[in-house]
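*Asks:* Here you go, entry-v4.cif (mmCIF, C-alpha atoms):
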```cif
data_start
loop_
_atom_site.label_atom_id
_atom_site.label_comp_id
_atom_site.auth_asym_id
_atom_site.auth_seq_id
_atom_site.Cartn_x
_atom_site.Cartn_y
_atom_site.Cartn_z
CA MET A 1299 0.00 0.00 0.00
CA ALA A 1300 1.49 3.28 -1.10
CA ARG A 1301 2.18 5.82 1.63
CA VAL A 1302 1.07 9.34 0.82
CA LEU A 1303 1.84 12.75 2.31
CA VAL A 1304 -0.91 15.27 1.63
CA VAL A 1305 0.13 18.93 1.58
CA ASP A 1306 -2.50 21.68 1.36
CA ASP A 1307 -3.29 24.69 3.51
CA ALA A 1308 -7.05 24.19 3.15
CA VAL A 1309 -8.56 21.64 5.52
CA PHE A 1310 -11.35 20.89 3.09
CA MET A 1311 -8.94 20.05 0.28
CA ARG A 1312 -6.88 17.79 2.52
CA MET A 1313 -10.02 16.03 3.65
CA MET A 1314 -11.26 15.54 0.10
CA ILE A 1315 -8.05 14.11 -1.23
CA LYS A 1316 -7.44 11.99 1.86
CA ASP A 1317 -10.87 10.48 1.55
CA MET A 1318 -10.40 9.84 -2.14
CA LEU A 1319 -7.07 8.14 -1.61
CA GLU A 1320 -8.05 6.06 1.39
CA LYS A 1321 -11.09 4.71 -0.38
CA ASN A 1322 -8.81 3.52 -3.15
CA GLY A 1323 -6.16 1.71 -1.22
CA PHE A 1324 -3.65 4.41 -0.37
CA GLU A 1325 -2.41 5.11 3.11
CA VAL A 1326 -2.20 8.79 4.08
CA VAL A 1327 0.72 8.92 6.48
CA GLY A 1328 0.76 12.63 7.08
CA GLU A 1329 -0.81 15.98 6.35
CA ALA A 1330 1.06 19.25 6.14
CA THR A 1331 -0.34 22.76 5.91
CA ASP A 1332 2.57 24.59 4.31
CA GLY A 1333 5.85 24.02 2.50
CA ILE A 1334 8.07 24.12 5.55
CA LYS A 1335 6.00 21.55 7.42
CA ALA A 1336 5.88 19.45 4.25
CA ILE A 1337 9.66 19.25 4.11
CA GLU A 1338 9.84 18.30 7.80
CA MET A 1339 7.23 15.61 7.41
CA TYR A 1340 8.82 14.27 4.26
CA LYS A 1341 12.08 13.75 6.10
CA GLN A 1342 10.25 12.10 8.98
CA GLU A 1343 7.87 9.85 7.11
CA ARG A 1344 9.68 9.22 3.82
CA PRO A 1345 6.35 8.72 1.96
CA ASP A 1346 6.18 7.01 -1.44
CA ILE A 1347 4.41 9.97 -2.94
CA VAL A 1348 3.38 13.53 -2.07
CA THR A 1349 0.42 15.58 -3.23
CA MET A 1350 1.45 19.23 -3.05
CA ASP A 1351 -0.68 22.35 -3.25
CA ILE A 1352 0.98 25.27 -5.04
CA ILE A 1353 -0.11 28.34 -3.17
CA MET A 1354 0.40 28.08 0.57
CA PRO A 1355 1.51 30.42 3.36
CA GLU A 1356 5.08 30.43 4.69
CA MET A 1357 6.53 28.49 1.79
CA ASP A 1358 4.80 27.72 -1.49
CA GLY A 1359 4.65 24.34 -3.16
CA ILE A 1360 7.25 25.11 -5.81
CA GLU A 1361 9.93 25.96 -3.26
CA ALA A 1362 8.94 22.91 -1.22
CA VAL A 1363 9.35 20.71 -4.30
CA LYS A 1364 12.83 22.11 -4.85
CA GLN A 1365 13.87 21.45 -1.28
CA ILE A 1366 12.35 18.00 -1.04
CA ARG A 1367 14.02 17.02 -4.31
CA ASN A 1368 17.27 18.37 -2.94
CA PHE A 1369 16.91 16.11 0.05
CA ASP A 1370 15.70 13.15 -2.00
CA PRO A 1371 16.23 13.40 -5.78
CA LYS A 1372 13.88 10.46 -6.28
CA ALA A 1373 10.97 12.07 -4.44
CA LYS A 1374 7.70 11.64 -6.29
CA ILE A 1375 5.57 14.73 -6.05
CA ILE A 1376 2.24 15.51 -7.71
CA MET A 1377 1.15 19.14 -7.81
CA CYS A 1378 -2.41 20.18 -7.03
CA SER A 1379 -3.26 23.13 -9.19
CA ALA A 1380 -6.16 25.40 -9.95
CA ILE A 1381 -7.03 25.99 -13.56
CA GLY A 1382 -5.41 29.42 -13.78
CA GLN A 1383 -2.01 28.27 -12.56
CA GLN A 1384 -0.51 26.91 -15.73
CA GLY A 1385 2.73 28.90 -15.40
CA MET A 1386 3.20 27.84 -11.81
CA VAL A 1387 2.58 24.21 -12.70
CA ILE A 1388 5.30 24.44 -15.32
CA ASP A 1389 7.66 25.96 -12.77
CA ALA A 1390 6.86 23.13 -10.38
CA ILE A 1391 7.51 20.51 -13.07
CA ARG A 1392 10.77 22.25 -13.84
CA ALA A 1393 11.59 22.05 -10.13
CA GLY A 1394 11.06 18.30 -10.23
CA ALA A 1395 7.38 17.58 -9.70
CA ARG A 1396 6.34 14.51 -11.65
CA ASP A 1397 2.74 15.23 -12.50
CA PHE A 1398 -0.12 17.54 -11.66
CA ILE A 1399 -3.84 17.29 -11.00
CA VAL A 1400 -6.30 20.10 -11.49
CA LYS A 1401 -8.94 21.22 -8.99
CA PRO A 1402 -11.76 20.36 -8.65
CA PHE A 1403 -10.34 16.87 -8.38
CA GLN A 1404 -11.85 13.99 -10.28
CA VAL A 1405 -11.27 10.61 -8.72
CA ASP A 1406 -10.16 8.87 -11.90
CA ARG A 1407 -7.68 11.60 -12.79
CA VAL A 1408 -6.21 11.59 -9.29
CA LEU A 1409 -5.86 7.81 -9.34
CA GLU A 1410 -4.37 7.84 -12.84
CA ALA A 1411 -1.74 10.34 -11.76
CA MET A 1412 -0.95 8.44 -8.57
CA THR A 1413 -0.60 5.05 -10.22
CA LYS A 1414 1.37 6.33 -13.21
CA VAL A 1415 3.84 8.21 -11.05
CA LEU A 1416 4.24 5.27 -8.67
CA ASP A 1417 4.70 2.82 -11.51
CA MET B 1407 10.37 36.23 3.53
CA ASN B 1408 11.44 39.50 1.97
CA ASN B 1409 14.75 37.99 1.04
CA VAL B 1410 13.15 34.98 -0.59
CA GLY B 1411 10.82 37.24 -2.54
CA LYS B 1412 13.67 39.30 -3.87
CA SER B 1413 15.82 36.40 -5.02
CA GLN B 1414 12.81 34.69 -6.53
CA PHE B 1415 11.98 37.83 -8.43
CA ILE B 1416 15.51 38.13 -9.73
CA SER B 1417 15.77 34.51 -10.74
CA MET B 1418 12.39 34.74 -12.43
CA LEU B 1419 13.47 37.74 -14.45
CA SER B 1420 16.84 36.33 -15.37
CA GLU B 1421 15.30 33.01 -16.33
CA GLU B 1422 12.90 34.80 -18.57
CA SER B 1423 15.73 36.75 -20.14
CA ILE B 1424 17.71 33.58 -20.71
CA ASP B 1425 14.71 31.97 -22.35
CA LYS B 1426 14.37 34.94 -24.63
CA LEU B 1427 18.05 34.85 -25.51
CA HIS B 1428 17.74 31.17 -26.34
CA VAL B 1429 14.82 31.73 -28.66
CA LEU B 1430 16.51 34.69 -30.28
CA ASN B 1431 19.67 32.77 -30.79
CA LYS B 1432 17.79 29.96 -32.40
CA ILE B 1433 16.06 32.35 -34.74
CA LEU B 1434 19.33 34.01 -35.63
CA LEU B 1435 20.97 30.69 -36.30
CA ALA B 1436 18.03 29.76 -38.41
CA LEU B 1437 18.43 32.91 -40.45
CA GLU B 1438 21.99 31.92 -41.08
CA GLN B 1439 20.96 28.84 -43.00
CA PRO B 1440 20.51 30.05 -46.55
CA GLN B 1441 17.90 28.88 -49.01
CA ASN B 1442 16.85 26.10 -46.86
CA ASP B 1443 13.70 25.14 -45.18
CA ILE B 1444 14.62 25.51 -41.60
CA GLY B 1445 12.84 24.20 -38.61
CA ILE B 1446 14.20 24.70 -35.17
CA ASP B 1447 11.78 24.56 -32.35
CA GLY B 1448 9.48 27.48 -32.90
CA VAL B 1449 11.08 28.60 -36.09
CA ILE B 1450 9.93 27.27 -39.37
CA LEU B 1451 10.75 29.15 -42.49
CA LYS B 1452 8.73 28.34 -45.55
CA LYS B 1453 10.53 26.87 -48.47
CA LYS B 1454 9.38 27.73 -51.95
CA GLU B 1455 10.29 24.78 -54.10
CA ALA B 1456 8.54 21.57 -53.45
CA ASP B 1457 11.09 19.43 -51.75
CA GLU B 1458 11.97 15.96 -52.79
CA LYS B 1459 10.57 13.55 -50.28
CA GLU B 1460 13.57 12.07 -48.64
CA ILE B 1461 11.77 10.62 -45.76
CA ASP B 1462 9.57 7.69 -45.89
CA ILE B 1463 6.94 7.61 -43.25
CA LYS B 1464 5.16 4.43 -44.09
CA ASP B 1465 2.16 5.35 -42.14
CA SER B 1466 1.08 8.71 -43.43
CA ASN B 1467 -0.35 9.32 -40.01
CA PHE B 1468 2.05 12.15 -39.47
CA LEU B 1469 0.96 15.61 -40.43
CA MET B 1470 4.29 17.21 -39.78
CA ASP B 1471 6.56 17.93 -42.65
CA ILE B 1472 10.07 16.68 -42.13
CA ASN B 1473 12.28 19.02 -44.06
CA GLU B 1474 15.82 18.92 -45.29
CA TYR B 1475 17.17 20.49 -42.15
CA ASP B 1476 15.55 17.85 -39.96
CA THR B 1477 16.72 15.14 -42.30
CA ASN B 1478 20.27 16.32 -41.92
CA ILE B 1479 20.07 16.18 -38.17
CA ILE B 1480 18.49 12.75 -38.31
CA LYS B 1481 21.21 11.48 -40.62
CA LYS B 1482 23.91 12.76 -38.33
CA ALA B 1483 22.25 11.27 -35.32
CA LYS B 1484 21.88 7.92 -37.03
CA LYS B 1485 25.52 7.85 -37.91
CA LYS B 1486 26.30 8.22 -34.26
CA GLY B 1487 24.02 5.35 -33.40
CA PHE B 1488 20.98 7.27 -32.25
CA LYS B 1489 17.47 6.57 -33.36
CA ALA B 1490 15.05 9.09 -34.74
CA ILE B 1491 11.58 8.35 -33.54
CA GLY B 1492 8.48 10.13 -34.67
CA VAL B 1493 5.67 10.15 -32.15
CA LYS B 1494 2.12 11.24 -32.37
CA ILE B 1495 0.49 11.88 -29.04
CA GLU B 1496 -3.16 12.39 -28.37
CA LEU B 1497 -4.18 13.98 -25.11
CA ASN B 1498 -7.34 13.23 -23.25
CA LYS B 1499 -10.14 15.52 -24.39
CA ASN B 1500 -10.70 16.59 -20.78
CA THR B 1501 -7.17 17.84 -20.35
CA LEU B 1502 -7.36 21.23 -18.70
CA LEU B 1503 -3.84 22.59 -18.65
CA LYS B 1504 -2.68 21.46 -22.07
CA SER B 1505 0.54 23.35 -22.27
CA ALA B 1506 1.59 22.24 -18.78
CA ARG B 1507 0.81 18.68 -19.86
CA ALA B 1508 2.85 19.15 -23.00
CA PHE B 1509 5.65 20.47 -20.83
CA VAL B 1510 5.62 17.24 -18.82
CA ILE B 1511 5.80 15.26 -22.06
CA PHE B 1512 8.70 17.35 -23.36
CA LYS B 1513 10.53 17.09 -20.07
CA ASN B 1514 10.12 13.34 -19.77
CA LEU B 1515 11.24 12.78 -23.35
CA GLU B 1516 14.20 15.06 -22.98
CA GLU B 1517 15.42 12.96 -20.11
CA HIS B 1518 16.02 10.28 -22.71
CA GLY B 1519 16.95 12.24 -25.79
CA GLU B 1520 16.47 15.40 -27.72
CA ILE B 1521 13.31 16.69 -29.35
CA ILE B 1522 14.34 18.14 -32.68
CA LYS B 1523 10.94 18.93 -34.08
CA ALA B 1524 7.48 19.59 -32.82
CA TYR B 1525 4.26 19.99 -34.72
CA PRO B 1526 2.55 22.25 -33.81
CA THR B 1527 5.65 24.28 -33.05
CA ALA B 1528 6.92 24.49 -29.50
CA GLU B 1529 5.81 28.10 -29.48
CA ASP B 1530 2.24 27.20 -30.39
CA ILE B 1531 2.20 24.44 -27.83
CA GLU B 1532 3.41 26.84 -25.19
CA TYR B 1533 0.57 29.21 -25.93
CA GLU B 1534 -1.97 26.40 -26.15
CA ASN B 1535 -2.50 26.98 -29.85
CA PHE B 1536 -3.13 23.36 -30.49
CA ASP B 1537 -5.87 20.84 -30.36
CA PHE B 1538 -5.35 17.67 -28.40
CA SER B 1539 -2.68 16.07 -30.50
CA MET B 1540 0.94 16.81 -31.22
CA GLU B 1541 3.74 15.25 -33.18
CA LEU B 1542 7.36 15.17 -32.17
CA VAL B 1543 10.63 13.85 -33.53
CA VAL B 1544 12.93 12.55 -30.83
CA ILE B 1545 16.58 11.67 -31.24
CA THR B 1546 17.33 9.03 -28.68
CA THR B 1547 19.24 5.92 -27.73
CA LEU B 1548 16.09 4.22 -26.49
CA GLU B 1549 14.11 1.68 -28.44
CA LEU B 1550 10.77 2.45 -29.99
CA LEU B 1551 8.89 0.54 -27.32
CA GLU B 1552 10.75 2.24 -24.52
CA ILE B 1553 9.88 5.66 -25.87
CA LYS B 1554 6.27 4.56 -26.12
CA LYS B 1555 6.41 3.46 -22.52
CA VAL B 1556 7.86 6.77 -21.39
CA ILE B 1557 4.99 8.62 -23.02
CA ASN B 1558 2.37 6.19 -21.86
CA SER B 1559 3.48 6.68 -18.28
CA ILE B 1560 2.34 10.30 -18.45
CA SER B 1561 -1.15 11.15 -17.26
CA GLU B 1562 -3.83 12.36 -19.64
CA VAL B 1563 -2.15 10.76 -22.62
CA ASP B 1564 -4.84 8.88 -24.49
CA LYS B 1565 -3.05 7.48 -27.50
CA VAL B 1566 0.52 7.15 -28.62
CA PHE B 1567 1.69 6.25 -32.07
CA ALA B 1568 5.43 5.91 -32.50
CA GLU B 1569 7.54 4.96 -35.45
CA GLU B 1570 11.18 5.07 -36.34
CA ILE B 1571 11.93 7.59 -39.05
CA GLU B 1572 13.82 6.21 -42.04
CA VAL B 1573 16.25 8.37 -43.93
CA TYR B 1574 17.96 7.59 -47.19
CA PHE B 1575 21.63 8.34 -47.39
CA GLU B 1576 21.96 8.89 -51.13
CA GLU B 1577 22.40 12.54 -51.94
CA GLU B 1578 25.21 12.87 -49.46
CA ASN B 1579 27.68 14.94 -51.47
CA GLU B 1580 25.71 17.98 -52.27
CA LYS B 1581 24.75 18.42 -48.70
CA LYS B 1582 28.17 18.27 -47.14
CA VAL B 1583 28.55 21.99 -47.09
CA GLN B 1584 25.27 22.51 -45.34
CA ASN B 1585 25.96 19.75 -42.91
CA LYS B 1586 29.00 21.54 -41.68
CA ARG B 1587 27.00 24.50 -40.60
CA ILE B 1588 24.32 22.51 -38.98
CA GLU B 1589 26.92 20.82 -36.83
CA GLU B 1590 26.27 23.20 -33.99
CA VAL B 1591 22.69 22.40 -33.49
CA ILE B 1592 22.49 23.45 -29.91
CA PRO B 1593 23.17 27.10 -29.35
CA PHE B 1594 23.96 28.56 -26.00
CA VAL B 1595 23.66 32.04 -24.71
CA ASN B 1596 27.37 32.63 -24.47
CA THR B 1597 27.85 31.88 -28.14
CA LEU B 1598 25.27 34.42 -29.09
CA ASN B 1599 27.78 37.17 -29.57
CA ASP B 1600 29.86 35.17 -32.00
CA ASN B 1601 26.88 34.02 -33.90
CA GLU B 1602 25.67 37.52 -34.25
CA LYS B 1603 28.95 38.65 -35.65
CA ARG B 1604 29.02 35.81 -38.10
CA ASN B 1605 25.49 36.61 -39.01
CA ASN B 1606 26.28 40.24 -39.40
CA ASN B 1607 29.22 39.53 -41.64
CA GLN B 1608 27.18 37.23 -43.69
CA LEU B 1609 24.48 39.77 -44.18
CA LYS B 1610 27.01 42.28 -45.37
CA SER B 1611 29.26 40.13 -47.46
CA SER B 1612 26.99 37.75 -49.25
CA ALA B 1613 24.17 38.55 -51.54
CA GLN B 1614 22.34 35.38 -50.72
CA LEU B 1615 18.65 35.82 -50.31
CA VAL B 1616 16.68 34.18 -47.59
CA SER B 1617 12.96 33.88 -47.53
CA VAL B 1618 11.66 34.74 -44.14
CA ASP B 1619 8.15 35.14 -42.96
CA SER B 1620 7.95 38.80 -42.04
CA LYS B 1621 6.13 37.84 -38.87
CA ARG B 1622 9.26 36.10 -37.72
CA LEU B 1623 11.28 39.23 -38.19
CA ASP B 1624 8.70 41.18 -36.27
CA SER B 1625 8.82 38.71 -33.45
CA ILE B 1626 12.61 38.91 -33.30
CA MET B 1627 12.32 42.65 -32.93
CA ASP B 1628 9.61 42.28 -30.37
CA MET B 1629 11.63 39.87 -28.37
CA ALA B 1630 14.76 41.96 -28.55
CA SER B 1631 12.91 44.92 -27.13
CA GLN B 1632 11.39 42.80 -24.40
CA LEU B 1633 14.80 41.47 -23.57
CA ILE B 1634 16.18 44.96 -23.27
CA MET B 1635 13.32 45.91 -21.00
CA HIS B 1636 13.99 42.95 -18.76
CA LYS B 1637 17.65 43.83 -18.70
CA ILE B 1638 16.87 47.33 -17.56
CA ARG B 1639 14.62 46.03 -14.82
CA LEU B 1640 17.32 43.66 -13.68
CA GLU B 1641 19.81 46.51 -13.60
CA LYS B 1642 17.49 48.51 -11.43
CA ILE B 1643 17.14 45.68 -8.97
CA SER B 1644 20.83 45.04 -8.96
CA ASN B 1645 21.56 48.69 -8.23
CA GLU B 1646 18.99 48.80 -5.52
CA TYR B 1647 20.39 45.81 -3.68
CA LYS B 1648 24.01 46.45 -4.63
CA LEU B 1649 24.65 42.95 -5.91
CA ARG B 1650 28.12 43.05 -7.38
CA GLU B 1651 28.10 39.67 -9.08
CA LEU B 1652 24.81 40.33 -10.72
CA ASN B 1653 26.11 43.66 -11.86
CA GLU B 1654 29.06 42.07 -13.60
CA THR B 1655 26.86 39.60 -15.42
CA LEU B 1656 24.57 42.39 -16.39
CA GLU B 1657 27.41 44.27 -17.98
CA GLN B 1658 28.00 41.33 -20.29
CA LEU B 1659 24.33 41.14 -20.99
CA GLU B 1660 24.42 44.83 -21.76
CA LYS B 1661 27.00 44.28 -24.46
CA THR B 1662 25.10 41.39 -25.96
CA THR B 1663 21.82 43.22 -26.01
CA LEU B 1664 23.46 46.24 -27.62
CA ASP B 1665 24.85 44.08 -30.43
CA LEU B 1666 21.49 42.47 -30.75
CA LYS B 1667 19.77 45.80 -30.88
CA ASP B 1668 22.04 46.95 -33.70
CA LEU B 1669 21.43 43.78 -35.63
CA VAL B 1670 17.72 43.98 -35.17
CA THR B 1671 17.60 47.62 -36.16
CA GLU B 1672 19.51 46.82 -39.28
CA MET B 1673 17.09 44.08 -40.20
CA GLY B 1674 14.18 46.33 -39.46
CA VAL B 1675 15.45 49.11 -41.66
CA PHE B 1676 16.33 47.08 -44.70
CA PRO B 1677 14.10 44.08 -44.73
CA LYS B 1678 13.51 44.18 -48.47
CA ARG B 1679 17.11 44.63 -49.44
CA LYS B 1680 18.43 41.85 -47.30
CA TYR B 1681 15.57 39.46 -47.48
CA SER B 1682 12.77 38.77 -49.80
CA VAL B 1683 9.97 38.89 -47.35
CA LEU B 1684 7.16 36.52 -48.10
#
```
Represent the structure contained in this file as structure tokens.
*Replies:*
Amino acid sequence: MARVLVVDDAVFMRMMIKDMLEKNGFEVVGEATDGIKAIEMYKQERPDIVTMDIIMPEMDGIEAVKQIRNFDPKAKIIMCSAIGQQGMVIDAIRAGARDFIVKPFQVDRVLEAMTKVLD
Amino acid sequence: MNNVGKSQFISMLSEESIDKLHVLNKILLALEQPQNDIGIDGVILKKKEADEKEIDIKDSNFLMDINEYDTNIIKKAKKKGFKAIGVKIELNKNTLLKSARAFVIFKNLEEHGEIIKAYPTAEDIEYENFDFSMELVVITTLELLEIKKVINSISEVDKVFAEEIEVYFEEENEKKVQNKRIEEVIPFVNTLNDNEKRNNNQLKSSAQLVSVDSKRLDSIMDMASQLIMHKIRLEKISNEYKLRELNETLEQLEKTTLDLKDLVTEMGVFPKRKYSVL
């Protein structure tokens, strides 16, 4: 069972994605509310995969991707983006994110991204 | 926080400038290739004569037109033991951020090789001026099936069609001269200056005519002016924060942009004399 770290500053979003993942055989091992906490938790939990929001307080998702990839170049990170954030998604991919999903999340798209990145 | 914001801002600006320089350099290099149908990334110059089909794509599934310039690169690559693989990718019709998705595809493929051609052009893809399908030519050491697998492992990819591109090696001799120039396929920012000079000399010394879409010339000028604007903004920031290293780099950039400006002005003033604009 793949271990997931969910990073998003909105409780509702974390709840949604956690529910979606747990119903489909993923284990959510941690939740972080900003980039800095995400890096800490990544080091602690060493999850198989991370879902990362882009815009967050303290440290945004792009910077967090950079730092997590610095710590672990093999880190698998999927960005969670809103529709107007194309440029930021590209920056995140450039920083090392492997895939992205667009809000509002659709279960099949989320699962496709997760399984393809984990494969 | 303030510090982070500042350095992010600077890196954003300089990245943008570098991107612009790259594109400009490519366009300039492309202009250097005379009487040839040239395709480099976003730059495709129309060729007048109907070209002899050198390439045999068995399945006429591909819409892209593989020109002489591409063929030359493919030939060179094949000699060195690389494969040229044409891929046609269809994205899911529900794909929302198409250009970001295309970016993922480009990035994943470039981990295993080099994309030498894109249809629609990379520029169009970047601005989402495309439907749901795109065609690429990748030079790679991987096998056909492995390339397919790489693409299939990307989300929102519905269909992949891949095929090795065959090139005939017959008319070698007449192309030797051209091949030499195409040798440096990958331009870098620091070679820009040299290229410009070569370009400049060529414009002055030779009477060769090049057919260029006037829109391309316009976009070079546009980009040059944008680049200069970015440079000025960077200078302002650098002065404000007294960053010595940045200042030094900017001085070099200054020189390059000045040369570029001269070149662009020259092209702008005499487009008809130097080029036959389509």
*Asks:* Tell me which of A:Val1400, A:Ala1308, A:Met1377, A:Ile1315 sits closest to A:Met1354, counting all atoms listed in the file.
*Replies:*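 Closest to A:Met1354 of all the choices is A:Ala1308.
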*Asks:* Residues of chain B near chain A: apply a cut-off of 9 Å, count all atoms listed in the file, and supply the list as a list in words.
*Replies:*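 My answer is Met1407, Leu1502, Leu1503, Lys1504, Ser1505, Ala1506, Arg1507, Phe1509, Val1510, Lys1513, Asn1558, Ser1559, Ile1560, Ser1561 and Glu1562 of chain B.
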*Asks:* Starting from the shown file, work through the PyMOL selection byres ((chain A and resi 1363) around 12) and note down what comes out as an mmCIF file with C-alpha atoms, in the coordinates of the input.
*Replies:*
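Okay, this is what ended up in selection.cif:
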```
data_model
loop_
_atom_site.group_PDB
_atom_site.id
_atom_site.type_symbol
_atom_site.label_atom_id
_atom_site.label_comp_id
_atom_site.auth_asym_id
_atom_site.auth_seq_id
_atom_site.Cartn_x
_atom_site.Cartn_y
_atom_site.Cartn_z
ATOM 1 C CA VAL A 1305 0.130 18.930 1.580
ATOM 2 C CA ASP A 1332 2.570 24.590 4.310
ATOM 3 C CA GLY A 1333 5.850 24.020 2.500
ATOM 4 C CA ILE A 1334 8.070 24.120 5.550
ATOM 5 C CA ALA A 1336 5.880 19.450 4.250
ATOM 6 C CA ILE A 1337 9.660 19.250 4.110
ATOM 7 C CA TYR A 1340 8.820 14.270 4.260
ATOM 8 C CA ILE A 1347 4.410 9.970 -2.940
ATOM 9 C CA VAL A 1348 3.380 13.530 -2.070
ATOM 10 C CA THR A 1349 0.420 15.580 -3.230
ATOM 11 C CA MET A 1350 1.450 19.230 -3.050
ATOM 12 C CA ASP A 1351 -0.680 22.350 -3.250
ATOM 13 C CA ILE A 1352 0.980 25.270 -5.040
ATOM 14 C CA MET A 1357 6.530 28.490 1.790
ATOM 15 C CA ASP A 1358 4.800 27.720 -1.490
ATOM 16 C CA GLY A 1359 4.650 24.340 -3.160
ATOM 17 C CA ILE A 1360 7.250 25.110 -5.810
ATOM 18 C CA GLU A 1361 9.930 25.960 -3.260
ATOM 19 C CA ALA A 1362 8.940 22.910 -1.220
ATOM 20 C CA LYS A 1364 12.830 22.110 -4.850
ATOM 21 C CA GLN A 1365 13.870 21.450 -1.280
ATOM 22 C CA ILE A 1366 12.350 18.000 -1.040
ATOM 23 C CA ARG A 1367 14.020 17.020 -4.310
ATOM 24 C CA ASN A 1368 17.270 18.370 -2.940
ATOM 25 C CA PHE A 1369 16.910 16.110 0.050
ATOM 26 C CA ASP A 1370 15.700 13.150 -2.000
ATOM 27 C CA PRO A 1371 16.230 13.400 -5.780
ATOM 28 C CA LYS A 1372 13.880 10.460 -6.280
ATOM 29 C CA ALA A 1373 10.970 12.070 -4.440
ATOM 30 C CA LYS A 1374 7.700 11.640 -6.290
ATOM 31 C CA ILE A 1375 5.570 14.730 -6.050
ATOM 32 C CA ILE A 1376 2.240 15.510 -7.710
ATOM 33 C CA MET A 1377 1.150 19.140 -7.810
ATOM 34 C CA VAL A 1387 2.580 24.210 -12.700
ATOM 35 C CA ASP A 1389 7.660 25.960 -12.770
ATOM 36 C CA ALA A 1390 6.860 23.130 -10.380
ATOM 37 C CA ILE A 1391 7.510 20.510 -13.070
ATOM 38 C CA ARG A 1392 10.770 22.250 -13.840
ATOM 39 C CA ALA A 1393 11.590 22.050 -10.130
ATOM 40 C CA GLY A 1394 11.060 18.300 -10.230
ATOM 41 C CA ALA A 1395 7.380 17.580 -9.700
ATOM 42 C CA ARG A 1396 6.340 14.510 -11.650
ATOM 43 C CA ASP A 1397 2.740 15.230 -12.500
#
```
*Asks:* Neighbouring residues of stretch 1425-1427 of chain B were defined as those with any atom within 10 Å, considering all atoms listed in the file; residues of the same chain fewer than 3 positions away were excluded. Please report them as a list of chain:residue names.
*Replies:*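 The residues satisfying every condition are B:Leu1419, B:Ser1420, B:Glu1421, B:Glu1422, B:Leu1430, B:Asn1431, B:Lys1432, B:Ile1433, B:Phe1594, B:Val1595, B:Asn1596, B:Leu1598, B:Ile1626, B:Met1629, B:Ala1630, B:Gln1632, B:Leu1633, B:His1636, B:Leu1659, B:Thr1662, B:Thr1663, B:Leu1666.
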*Asks:* Identify, on the basis of only C-alpha atoms, every residue whose closest approach to A:Glu1343 does not exceed 10 Å; exclude the query and any residue fewer than 5 positions from it along the same chain; express the result as a list in words.
*Replies:* Arg1301, Val1302, Leu1303, Val1327, Gly1328 and Glu1338 of chain A
*Asks:* Any chance you could work out the residue set of the PyMOL selection byres ((chain B and resi 1494) around 6) here, as a tab-separated table (two decimals) with C-alpha atoms, in the frame of the given file?
*Replies:*
```
chain	number	residue	atom	x	y	z
B	1493	VAL	CA	5.67	10.15	-32.15
B	1495	ILE	CA	0.49	11.88	-29.04
B	1540	MET	CA	0.94	16.81	-31.22
B	1541	GLU	CA	3.74	15.25	-33.18
B	1566	VAL	CA	0.52	7.15	-28.62
B	1567	PHE	CA	1.69	6.25	-32.07
```
*Asks:* To one decimal place, how far is atom CA of B:Ala1508 from atom CA of A:Asn1322 in Å?
*Replies:*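 Atom-to-atom, atom CA of B:Ala1508 and atom CA of A:Asn1322 are spaced 27.8 Å apart.
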*Asks:* So the first atom is atom CA of B:Thr1671 and the second is atom CA of B:Met1418; what is the distance between them in Å, to one decimal place?
*Replies:* 27.5 Å
